[in-house]
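final30.txt (compact mmCIF, C-alpha atoms)
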```txt
# COMPACT_ATOMS: atom_id res chain seq x y z
CA MET O 253 -148.55 50.49 77.77
CA ASN O 254 -144.82 50.32 78.51
CA GLU O 255 -142.28 53.03 77.67
CA ARG O 256 -141.44 51.54 74.29
CA GLU O 257 -145.12 51.43 73.30
CA LEU O 258 -145.66 55.02 74.40
CA ASP O 259 -142.70 56.20 72.35
CA LEU O 260 -143.98 54.28 69.32
CA GLN O 261 -147.42 55.79 69.80
CA LEU O 262 -145.95 59.29 69.89
CA ILE O 263 -143.87 58.56 66.79
CA GLN O 264 -146.97 57.33 64.99
CA ARG O 265 -148.74 60.56 65.88
CA ILE O 266 -145.78 62.55 64.58
CA GLN O 267 -145.84 60.58 61.35
CA ASN O 268 -149.56 61.39 61.09
CA GLY O 269 -148.79 65.11 61.29
CA GLU O 270 -149.16 65.81 65.02
CA GLN O 271 -145.96 67.81 65.49
CA GLN O 272 -146.72 68.47 69.16
CA ALA O 273 -146.15 64.78 69.86
CA PHE O 274 -142.48 65.46 69.03
CA ALA O 275 -142.45 68.24 71.62
CA LEU O 276 -143.44 65.63 74.18
CA LEU O 277 -140.54 63.41 73.12
CA VAL O 278 -138.17 66.35 73.50
CA ARG O 279 -139.52 67.10 76.98
CA LYS O 280 -139.17 63.47 77.92
CA TYR O 281 -135.61 62.91 76.74
CA GLN O 282 -133.82 66.27 76.74
CA THR O 283 -132.26 65.75 80.17
CA ARG O 284 -130.92 62.32 79.25
CA VAL O 285 -129.56 63.67 75.96
CA ALA O 286 -127.85 66.56 77.74
CA ASN O 287 -126.48 64.08 80.29
CA ILE O 288 -124.87 62.01 77.52
CA LEU O 289 -123.46 65.12 75.89
CA THR O 290 -121.63 66.16 79.09
CA ARG O 291 -119.35 63.19 78.36
CA TYR O 292 -118.26 64.77 75.08
CA VAL O 293 -118.97 68.51 75.23
CA ARG O 294 -116.59 70.39 77.47
CA SER O 295 -118.27 73.76 77.25
CA SER O 296 -121.50 73.73 79.22
CA GLY O 297 -122.79 76.65 77.17
CA ASP O 298 -122.71 74.48 74.03
CA ILE O 299 -124.83 71.66 75.45
CA PRO O 300 -128.23 73.25 74.68
CA ASP O 301 -127.16 73.97 71.08
CA VAL O 302 -125.84 70.44 70.51
CA SER O 303 -128.95 69.01 72.20
CA GLN O 304 -131.11 71.00 69.81
CA GLU O 305 -129.10 69.67 66.89
CA VAL O 306 -129.66 66.12 68.14
CA PHE O 307 -133.43 66.52 68.22
CA ILE O 308 -133.59 68.19 64.83
CA LYS O 309 -131.62 65.25 63.40
CA VAL O 310 -133.98 62.88 65.16
CA TYR O 311 -137.00 64.62 63.64
CA LYS O 312 -135.47 64.52 60.14
CA SER O 313 -134.63 60.83 60.55
CA LEU O 314 -138.00 59.74 61.92
CA PRO O 315 -139.18 58.41 58.53
CA ASN O 316 -136.23 55.97 58.77
CA PHE O 317 -137.12 54.78 62.26
CA ARG O 318 -138.64 51.33 61.88
CA GLY O 319 -139.14 50.46 65.55
CA ASP O 320 -136.75 47.47 65.42
CA SER O 321 -134.90 48.89 68.41
CA ALA O 322 -136.22 50.99 71.26
CA PHE O 323 -136.52 54.68 70.45
CA TYR O 324 -134.09 55.60 73.23
CA THR O 325 -131.43 53.24 71.84
CA TRP O 326 -131.81 54.94 68.44
CA LEU O 327 -131.80 58.41 70.05
CA PHE O 328 -128.68 57.49 71.99
CA ARG O 329 -126.80 56.57 68.78
CA ILE O 330 -127.79 59.85 67.13
CA THR O 331 -126.72 61.77 70.24
CA VAL O 332 -123.28 60.15 70.30
CA ASN O 333 -122.76 60.68 66.55
CA THR O 334 -123.78 64.32 66.85
CA ALA O 335 -121.43 64.79 69.78
CA LYS O 336 -118.54 63.27 67.83
CA ASN O 337 -119.24 65.53 64.87
CA TYR O 338 -119.28 68.47 67.26
CA LEU O 339 -115.90 67.48 68.64
CA THR O 340 -114.51 67.09 65.12
CA SER O 341 -115.78 70.55 64.22
CA GLN O 342 -114.08 71.86 67.34
CA SER O 343 -110.92 70.02 66.24
CA ARG O 344 -111.04 67.85 69.34
CA ARG O 345 -110.67 64.09 69.26
CA PRO O 346 -113.64 62.10 70.49
CA PRO O 347 -113.08 59.93 73.58
CA ALA O 348 -111.17 56.72 72.84
CA SER O 349 -113.82 54.46 74.31
CA ASP O 350 -117.48 54.66 73.54
CA ILE O 351 -120.08 54.42 76.23
CA ASP O 352 -123.26 52.44 75.81
CA ALA O 353 -126.76 53.54 76.63
CA GLU O 354 -126.93 52.07 80.13
CA GLU O 355 -123.50 53.42 81.08
CA ALA O 356 -124.41 56.87 79.82
CA ASP O 357 -127.52 56.92 82.00
CA SER O 358 -125.49 56.47 85.16
CA TYR O 359 -122.49 58.51 84.04
CA ASP O 360 -121.68 61.34 86.37
CA GLY O 361 -121.12 64.12 83.88
CA SER O 362 -120.44 66.92 86.30
CA GLY O 363 -116.68 66.51 85.82
CA ALA O 364 -117.03 67.36 82.15
CA LEU O 365 -118.03 70.91 82.94
CA LYS O 366 -114.72 71.99 84.39
CA ASP O 367 -113.87 74.25 81.47
CA ASP O 368 -116.45 76.93 82.14
CA ALA O 369 -118.69 75.90 85.02
CA ASN O 370 -121.51 78.39 85.35
CA PRO O 371 -121.89 79.15 89.08
CA GLU O 372 -125.45 80.39 88.74
CA ALA O 373 -126.48 77.30 86.81
CA ILE O 374 -124.80 75.04 89.37
CA LEU O 375 -126.46 76.84 92.27
CA HIS O 376 -129.86 76.69 90.63
CA SER O 377 -129.46 73.01 89.80
CA GLN O 378 -128.46 72.25 93.39
CA GLU O 379 -131.39 74.23 94.74
CA VAL O 380 -133.82 72.34 92.50
CA LYS O 381 -132.38 69.03 93.62
CA GLN O 382 -132.50 70.00 97.29
CA VAL O 383 -136.11 71.12 97.05
CA ILE O 384 -137.19 67.92 95.30
CA LEU O 385 -135.37 65.64 97.73
CA LYS O 386 -136.60 67.58 100.77
CA VAL O 387 -140.24 67.43 99.71
CA ILE O 388 -139.89 63.69 99.01
CA GLY O 389 -138.32 63.24 102.45
CA ASP O 390 -141.29 65.00 104.07
CA LEU O 391 -143.92 62.95 102.23
CA PRO O 392 -146.10 60.43 104.07
CA ASP O 393 -144.55 56.96 103.83
CA GLU O 394 -147.08 55.54 101.38
CA LEU O 395 -146.55 58.40 98.92
CA LYS O 396 -142.76 58.29 99.31
CA SER O 397 -142.74 54.54 98.74
CA ALA O 398 -144.96 54.74 95.65
CA ILE O 399 -142.96 57.42 93.88
CA THR O 400 -139.65 55.80 94.79
CA LEU O 401 -140.71 52.40 93.45
CA ARG O 402 -141.91 54.07 90.28
CA GLU O 403 -139.03 56.44 89.57
CA LEU O 404 -136.04 54.55 90.96
CA GLU O 405 -137.10 50.93 90.44
CA GLY O 406 -139.05 51.55 87.24
CA MET O 407 -141.93 49.40 88.44
CA SER O 408 -145.31 49.46 86.75
CA TYR O 409 -148.46 50.43 88.65
CA ASP O 410 -149.47 46.79 88.66
CA GLU O 411 -146.18 45.72 90.26
CA ILE O 412 -146.34 48.48 92.87
CA ALA O 413 -149.94 47.56 93.67
CA GLN O 414 -148.86 43.98 94.35
CA ILE O 415 -146.00 45.09 96.60
CA GLU O 416 -148.09 47.63 98.49
CA SER O 417 -151.15 45.34 98.54
CA CYS O 418 -153.45 48.05 97.29
CA PRO O 419 -155.50 48.70 94.12
CA ILE O 420 -153.84 50.11 91.02
CA GLY O 421 -156.01 53.23 91.33
CA THR O 422 -154.53 53.88 94.77
CA VAL O 423 -151.01 53.58 93.34
CA ARG O 424 -151.89 56.02 90.56
CA SER O 425 -153.32 58.46 93.09
CA ARG O 426 -150.36 58.20 95.51
CA ILE O 427 -147.78 58.82 92.79
CA PHE O 428 -149.78 61.76 91.50
CA ARG O 429 -150.15 63.28 94.98
CA ALA O 430 -146.40 62.91 95.53
CA ARG O 431 -145.66 64.70 92.25
CA GLU O 432 -148.24 67.36 93.00
CA ALA O 433 -146.58 68.11 96.35
CA ILE O 434 -143.15 68.36 94.72
CA ASP O 435 -144.43 70.40 91.78
CA LYS O 436 -145.93 72.97 94.14
CA GLN O 437 -142.38 73.83 95.30
CA LEU O 438 -140.68 73.18 91.99
CA LYS O 439 -142.84 75.32 89.68
CA PRO O 440 -141.88 78.71 91.19
CA LEU O 441 -138.18 77.73 91.04
CA LEU O 442 -138.33 76.96 87.34
CA GLU O 443 -140.61 79.77 86.28
CA ASN O 444 -138.70 82.56 88.02
CA MET C 265 -162.42 72.95 82.69
CA LYS C 266 -161.28 69.41 83.32
CA GLU C 267 -158.11 68.97 85.36
CA TYR C 268 -155.58 66.79 83.60
CA SER C 269 -152.77 66.79 86.17
CA GLN C 270 -153.33 63.20 87.26
CA ASP C 271 -153.55 62.13 83.62
CA ILE C 272 -150.21 63.81 82.95
CA SER C 273 -148.73 61.93 85.89
CA THR C 274 -150.16 58.67 84.52
CA LEU C 275 -148.84 59.46 81.04
CA ILE C 276 -145.31 60.01 82.40
CA ASP C 277 -145.51 56.46 83.79
CA ASN C 278 -146.67 55.05 80.43
CA GLU C 279 -149.94 53.97 82.04
CA LEU C 280 -152.37 56.26 80.20
CA HIS C 281 -154.48 54.57 77.52
CA ASP C 282 -156.95 57.34 76.69
CA ASP C 283 -156.19 58.78 73.23
CA MET C 284 -158.44 61.80 73.71
CA VAL C 285 -156.66 62.80 76.92
CA ILE C 286 -153.26 62.34 75.28
CA LYS C 287 -154.49 64.57 72.45
CA HIS C 288 -155.54 67.24 74.94
CA ILE C 289 -152.16 67.15 76.68
CA LEU C 290 -150.42 67.49 73.33
CA ASP C 291 -152.50 70.54 72.43
CA ASP C 292 -152.23 72.33 75.80
CA THR C 293 -149.05 74.33 76.56
CA GLU C 294 -149.55 74.33 80.33
CA SER C 295 -150.06 70.58 80.33
CA GLN C 296 -146.84 70.13 78.36
CA LYS C 297 -144.93 72.30 80.85
CA GLN C 298 -146.34 70.25 83.70
CA PHE C 299 -145.21 67.12 81.85
CA SER C 300 -141.70 68.63 81.74
CA ARG C 301 -141.68 69.32 85.48
CA TYR C 302 -142.93 65.82 86.34
CA GLN C 303 -140.25 64.38 84.04
CA LEU C 304 -137.63 66.52 85.78
CA ILE C 305 -138.65 65.12 89.18
CA GLY C 306 -137.76 61.63 87.99
CA ASP C 307 -134.56 62.83 86.29
CA VAL C 308 -133.38 64.45 89.53
CA MET C 309 -134.32 61.43 91.65
CA ARG C 310 -132.28 59.23 89.30
CA ASP C 311 -129.39 61.71 89.35
CA GLU C 312 -129.62 62.22 85.61
CA SER C 313 -129.54 66.00 85.83
CA GLU C 314 -126.24 66.42 87.66
CA GLY C 315 -124.22 69.31 86.29
CA LEU C 316 -126.93 70.46 83.90
CA ASP C 317 -128.42 73.93 83.70
CA LEU C 318 -132.03 73.19 84.64
CA ARG C 319 -133.13 76.72 83.78
CA ILE C 320 -132.90 75.79 80.12
CA ASP C 321 -135.70 73.98 78.30
CA ILE C 322 -134.87 73.52 74.63
CA THR C 323 -138.35 72.31 73.58
CA ASP C 324 -139.59 75.63 72.23
CA SER C 325 -136.40 76.33 70.29
CA VAL C 326 -136.39 72.80 68.81
CA MET C 327 -140.01 73.11 67.69
CA ALA C 328 -139.39 76.57 66.25
CA ALA C 329 -136.38 75.27 64.33
CA ILE C 330 -138.42 72.36 62.97
CA VAL C 331 -141.22 74.69 61.86
CA ASN C 332 -138.71 77.01 60.18
CA GLU C 333 -136.92 74.20 58.39
CA THR C 334 -140.21 72.60 57.32
CA GLN C 335 -141.42 75.91 55.92
CA ASP C 336 -138.14 76.35 54.07
CA ASN C 337 -138.64 72.81 52.76
CA LYS C 338 -135.36 71.65 54.25
CA ILE C 339 -137.31 68.99 56.09
CA ALA C 340 -140.15 67.28 54.30
CA PRO C 341 -143.25 67.11 56.54
CA ILE C 342 -143.44 63.64 57.91
CA ALA C 343 -146.46 61.82 56.55
CA THR C 344 -147.56 58.28 55.93
CA PRO C 345 -145.83 56.88 52.88
CA GLU C 346 -147.75 57.53 49.68
CA LYS C 347 -148.96 54.56 47.73
CA ALA C 348 -146.68 53.72 44.84
CA GLU C 349 -148.10 54.82 41.53
CA SER C 350 -149.66 51.87 39.79
CA ASN C 351 -148.27 51.01 36.45
CA VAL C 352 -150.82 51.58 33.74
CA VAL C 353 -151.12 48.50 31.61
CA PRO C 354 -152.57 48.91 28.17
CA PHE C 355 -156.03 47.39 27.90
CA MET C 356 -155.12 44.82 25.25
CA LYS C 357 -152.10 43.65 27.21
CA ARG C 358 -154.28 43.24 30.32
CA PHE C 359 -156.96 41.45 28.30
CA GLY C 360 -154.30 39.09 27.02
CA GLN C 361 -153.10 38.42 30.57
CA TYR C 362 -156.66 37.62 31.68
CA ALA C 363 -157.09 35.30 28.73
CA ILE C 364 -153.93 33.39 29.58
CA ALA C 365 -154.91 33.17 33.24
CA ALA C 366 -158.37 31.89 32.33
CA SER C 367 -156.87 29.27 30.04
CA VAL C 368 -154.50 28.03 32.72
CA ALA C 369 -157.31 27.90 35.27
CA GLY C 370 -159.47 25.99 32.84
CA VAL C 371 -156.73 23.41 32.23
CA VAL C 372 -156.24 22.94 35.97
CA VAL C 373 -159.96 22.45 36.58
CA VAL C 374 -160.38 19.99 33.75
CA SER C 375 -157.28 18.05 34.83
CA SER C 376 -158.49 17.81 38.39
CA LEU C 377 -161.89 16.65 37.28
CA MET C 378 -160.27 13.93 35.21
CA ILE C 379 -158.02 12.90 38.06
CA ASN C 380 -160.88 12.92 40.55
CA GLN C 381 -162.89 10.80 38.17
CA ASN C 382 -160.06 8.30 38.06
CA ALA C 383 -159.57 8.52 41.78
CA ALA C 384 -163.23 7.88 42.33
CA THR C 385 -162.79 4.49 40.65
CA ASP C 386 -159.37 3.84 42.23
CA PRO C 387 -159.60 4.00 46.01
CA SER C 388 -155.79 4.12 46.41
CA VAL C 389 -155.48 7.53 44.70
CA THR C 390 -155.77 10.70 46.80
CA PRO C 391 -157.57 13.54 45.01
CA VAL C 392 -155.22 16.37 44.00
CA LEU C 393 -157.69 19.04 44.88
CA ASN C 394 -159.06 17.91 48.21
CA THR C 395 -161.64 20.49 49.09
CA VAL C 396 -162.35 19.00 52.48
CA PRO C 397 -159.65 19.78 55.03
CA PHE C 398 -158.05 16.77 56.62
CA GLY C 399 -158.07 18.21 60.07
CA GLY C 400 -161.74 19.06 60.43
CA ALA C 401 -164.06 21.88 59.57
CA ALA C 402 -162.65 24.91 57.78
CA ALA C 403 -163.67 28.47 58.50
CA PRO C 404 -162.95 31.26 56.04
CA VAL C 405 -160.25 33.46 57.51
CA SER C 406 -162.11 36.63 56.64
CA LEU C 407 -165.07 35.57 58.76
CA GLN C 408 -162.99 34.87 61.85
CA ALA C 409 -163.56 37.44 64.53
CA THR C 410 -160.49 39.16 65.84
CA PRO C 411 -159.60 37.36 69.06
CA VAL C 412 -160.19 39.56 72.05
CA GLN C 413 -157.02 40.14 74.04
CA THR C 414 -157.39 39.52 77.73
CA LYS C 415 -155.54 41.48 80.38
CA SER C 416 -153.20 38.57 80.94
CA ASP C 417 -152.51 38.41 77.18
CA ILE C 418 -151.54 42.07 77.20
CA LYS C 419 -149.43 41.61 80.32
CA GLU C 420 -147.72 38.59 78.80
CA ARG C 421 -147.02 40.47 75.63
CA ASN C 422 -145.60 43.43 77.55
CA GLU C 423 -143.39 41.13 79.61
CA HIS C 424 -142.18 39.55 76.41
CA LEU C 425 -141.41 42.97 74.95
CA GLU C 426 -139.48 43.93 78.09
CA ALA C 427 -137.47 40.72 77.92
CA LEU C 428 -136.66 41.39 74.25
CA LEU C 429 -135.59 44.92 75.06
CA LYS C 430 -133.34 43.79 77.91
CA ASP C 431 -131.83 41.16 75.69
CA HIS C 432 -131.19 43.72 72.98
CA GLN C 433 -129.50 46.07 75.46
CA LEU C 434 -127.39 43.19 76.75
CA GLN C 435 -126.31 42.38 73.23
CA LEU C 436 -125.31 45.99 72.70
CA GLN C 437 -123.14 45.76 75.79
CA VAL C 438 -121.26 42.65 74.66
CA GLN C 439 -120.75 43.82 71.10
CA PRO C 440 -117.22 45.06 70.42
```

Could you show the structure in this file as structure tokens?
Amino acid sequence: MNERELDLQLIQRIQNGEQQAFALLVRKYQTRVANILTRYVRSSGDIPDVSQEVFIKVYKSLPNFRGDSAFYTWLFRITVNTAKNYLTSQSRRPPASDIDAEEADSYDGSGALKDDANPEAILHSQEVKQVILKVIGDLPDELKSAITLRELEGMSYDEIAQIESCPIGTVRSRIFRAREAIDKQLKPLLEN
Amino acid sequence: MKEYSQDISTLIDNELHDDMVIKHILDDTESQKQFSRYQLIGDVMRDESEGLDLRIDITDSVMAAIVNETQDNKIAPIATPEKAESNVVPFMKRFGQYAIAASVAGVVVVSSLMINQNAATDPSVTPVLNTVPFGGAAAPVSLQATPVQTKSDIKERNEHLEALLKDHQLQLQVQP
């Protein structure tokens, strides 16, 4: 099942009344949505509110989603439109040039938070990043390789298994053990 | 109690095919939070969280807002589309339609019988209603078993979907 199929499956569940499937979509995409919004929203404090507005619009529009395009492409358009409406309501002009989905993914949005950078938020974010990267650096090579190929190269388990010359079950286990090791350090940081 | 951590990890990678396990994850708050943390690991590795306040998770507030708006009827609960109401046709009108259809069918049958009779005497004439397929034996579609998809079929289909998606994204890039 690739990403598009998983998203479609979740949308089908939502359309069948399983609201919690939408919660999973929010958890999956909220960081990417917030990342896109940093391009348009100057005030970092407004990003969670605008993000929430995006997802509520998405939920309301789900009956209109036909699956012709990938869910993320559709989500991206709603995010940009919501951001532009936000700027209009703030009497600010939207950026002259639009960014597309792939560009937004790699856009470094940290510059957009100059107006009211929250030092605590920045420190916490840096700490989270340092912890994750340190744990990955300390992982045994086979676990580090598996999670890197999965997260950075977007390879499927099948593809990783071919590269690593091991069974798919081993790939699944290695990626899980890598995440488990990281989560052990990450969970206290996020819950406190 | 069964441990679902590895299943959550597999789900994040779009490699989980067990509906019952997905259902469990959807219904369990701790599993959902773990899903969020695993998702964050990838977001950080890909540098997609730069400059964001990672202390904030909007999921609960989004779901609460949706519940509130659904209760206030601002959002209609999403459901499968209802069947369109069938138009009620008066009995006599329907009877008339059946009568016309039967008459037409009768004319067609009689005509074909007459033509076939002629064709039977004239070898150069092809029967209008040829009930025997030209290509070989016919099997009723409804009796055909659904072809079983092999692993390679599924892989091929997925690769095709990926190629379509990439092509679509490329087209978005080149569009003015």

* **Residue neighbourhood segment 253-262 of chain O, 10 Å, only C-alpha atoms, exclusion window fewer than 5 positions, as number ranges by chain** => O: 267-268, 270-277, 280, 317-319, 321-324, 408; C: 275-281, 283, 286, 290, 418-419, 422-423, 425-426, 429

* Could you write out as number ranges by chain the residues of chain C within 6 Å of chain O, counting all atoms listed in the file? -> C: 270, 273, 278-279, 290, 300, 306, 314-315, 317-318, 323, 326, 342-343

* Work out how far atom CA of Val302 of chain O is from atom CA of Thr334 of chain O, in Å to one decimal. =>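 Distance between the two atoms: 7.4 Å.
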
* Asked: Please, what distance in Å, to one decimal, runs between atom CA of Asn333 of chain O and atom CA of Ser313 of chain C?
  ->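 So the two atoms, atom CA of Asn333 of chain O and atom CA of Ser313 of chain C, lie 21.1 Å apart.
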
* Determine, counting all atoms listed in the file, which protein, DNA and RNA residues have an atom within 9 Å of an atom of Ile289 of chain C; residues of the same chain fewer than 3 positions away are not included. Present the result as a list in words. => Tyr268, Asp271, Ile272, Met284, Val285, Ile286, Asp292, Thr293, Glu294, Ser295, Gln296 and Phe299 of chain C

* To do: Using atom CA of Asp311 of chain C and atom CA of Ser269 of chain C as the two end points, give the distance in Å to one decimal.
  => 24.1 Å

Please, could N, CA and C atoms be added to segment 406-436 of chain O and the result written as a short mmCIF file (atom, residue, chain, number, x, y, z; two decimals), in the coordinates of the input?
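Written out: result_24.cif:
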```
data_model
loop_
_atom_site.label_atom_id
_atom_site.label_comp_id
_atom_site.auth_asym_id
_atom_site.auth_seq_id
_atom_site.Cartn_x
_atom_site.Cartn_y
_atom_site.Cartn_z
N GLY O 406 -138.42 51.71 88.55
CA GLY O 406 -139.05 51.55 87.24
C GLY O 406 -140.21 50.57 87.22
N MET O 407 -140.83 50.39 88.38
CA MET O 407 -141.93 49.40 88.44
C MET O 407 -143.20 49.97 87.84
N SER O 408 -144.01 49.06 87.29
CA SER O 408 -145.31 49.46 86.75
C SER O 408 -146.29 49.64 87.92
N TYR O 409 -147.43 50.25 87.61
CA TYR O 409 -148.46 50.43 88.65
C TYR O 409 -148.92 49.07 89.18
N ASP O 410 -149.01 48.12 88.27
CA ASP O 410 -149.47 46.79 88.66
C ASP O 410 -148.50 46.16 89.67
N GLU O 411 -147.21 46.30 89.37
CA GLU O 411 -146.18 45.72 90.26
C GLU O 411 -146.19 46.41 91.61
N ILE O 412 -146.32 47.73 91.60
CA ILE O 412 -146.34 48.48 92.87
C ILE O 412 -147.58 48.09 93.68
N ALA O 413 -148.69 47.93 92.98
CA ALA O 413 -149.94 47.56 93.67
C ALA O 413 -149.78 46.22 94.38
N GLN O 414 -149.07 45.31 93.74
CA GLN O 414 -148.86 43.98 94.35
C GLN O 414 -147.96 44.10 95.58
N ILE O 415 -146.93 44.94 95.47
CA ILE O 415 -146.00 45.09 96.60
C ILE O 415 -146.68 45.78 97.77
N GLU O 416 -147.45 46.82 97.45
CA GLU O 416 -148.09 47.63 98.49
C GLU O 416 -149.43 47.04 98.92
N SER O 417 -149.86 45.97 98.23
CA SER O 417 -151.15 45.34 98.54
C SER O 417 -152.29 46.35 98.53
N CYS O 418 -152.36 47.08 97.43
CA CYS O 418 -153.45 48.05 97.29
C CYS O 418 -153.87 48.07 95.82
N PRO O 419 -155.05 48.65 95.52
CA PRO O 419 -155.50 48.70 94.12
C PRO O 419 -154.60 49.58 93.27
N ILE O 420 -154.65 49.32 91.95
CA ILE O 420 -153.84 50.11 91.02
C ILE O 420 -154.24 51.59 91.08
N GLY O 421 -155.53 51.84 91.24
CA GLY O 421 -156.01 53.23 91.33
C GLY O 421 -155.37 53.97 92.49
N THR O 422 -155.16 53.26 93.59
CA THR O 422 -154.53 53.88 94.77
C THR O 422 -153.07 54.23 94.45
N VAL O 423 -152.41 53.32 93.74
CA VAL O 423 -151.01 53.58 93.34
C VAL O 423 -150.95 54.83 92.47
N ARG O 424 -151.85 54.87 91.49
CA ARG O 424 -151.89 56.02 90.56
C ARG O 424 -152.09 57.32 91.35
N SER O 425 -153.01 57.27 92.30
CA SER O 425 -153.32 58.46 93.09
C SER O 425 -152.14 58.87 93.97
N ARG O 426 -151.49 57.89 94.60
CA ARG O 426 -150.36 58.20 95.51
C ARG O 426 -149.21 58.84 94.73
N ILE O 427 -148.90 58.28 93.59
CA ILE O 427 -147.78 58.82 92.79
C ILE O 427 -148.12 60.24 92.34
N PHE O 428 -149.37 60.43 91.93
CA PHE O 428 -149.78 61.76 91.50
C PHE O 428 -149.70 62.75 92.66
N ARG O 429 -150.17 62.36 93.83
CA ARG O 429 -150.15 63.28 94.98
C ARG O 429 -148.71 63.61 95.38
N ALA O 430 -147.81 62.65 95.23
CA ALA O 430 -146.40 62.91 95.53
C ALA O 430 -145.85 63.95 94.55
N ARG O 431 -146.15 63.75 93.28
CA ARG O 431 -145.66 64.70 92.25
C ARG O 431 -146.28 66.08 92.45
N GLU O 432 -147.54 66.08 92.81
CA GLU O 432 -148.24 67.36 93.00
C GLU O 432 -147.57 68.16 94.13
N ALA O 433 -147.23 67.45 95.21
CA ALA O 433 -146.58 68.11 96.35
C ALA O 433 -145.21 68.67 95.95
N ILE O 434 -144.48 67.90 95.15
CA ILE O 434 -143.15 68.36 94.72
C ILE O 434 -143.29 69.52 93.74
N ASP O 435 -144.25 69.39 92.82
CA ASP O 435 -144.43 70.40 91.78
C ASP O 435 -144.80 71.75 92.37
N LYS O 436 -145.52 71.73 93.49
CA LYS O 436 -145.93 72.97 94.14
C LYS O 436 -144.70 73.80 94.52
#
```
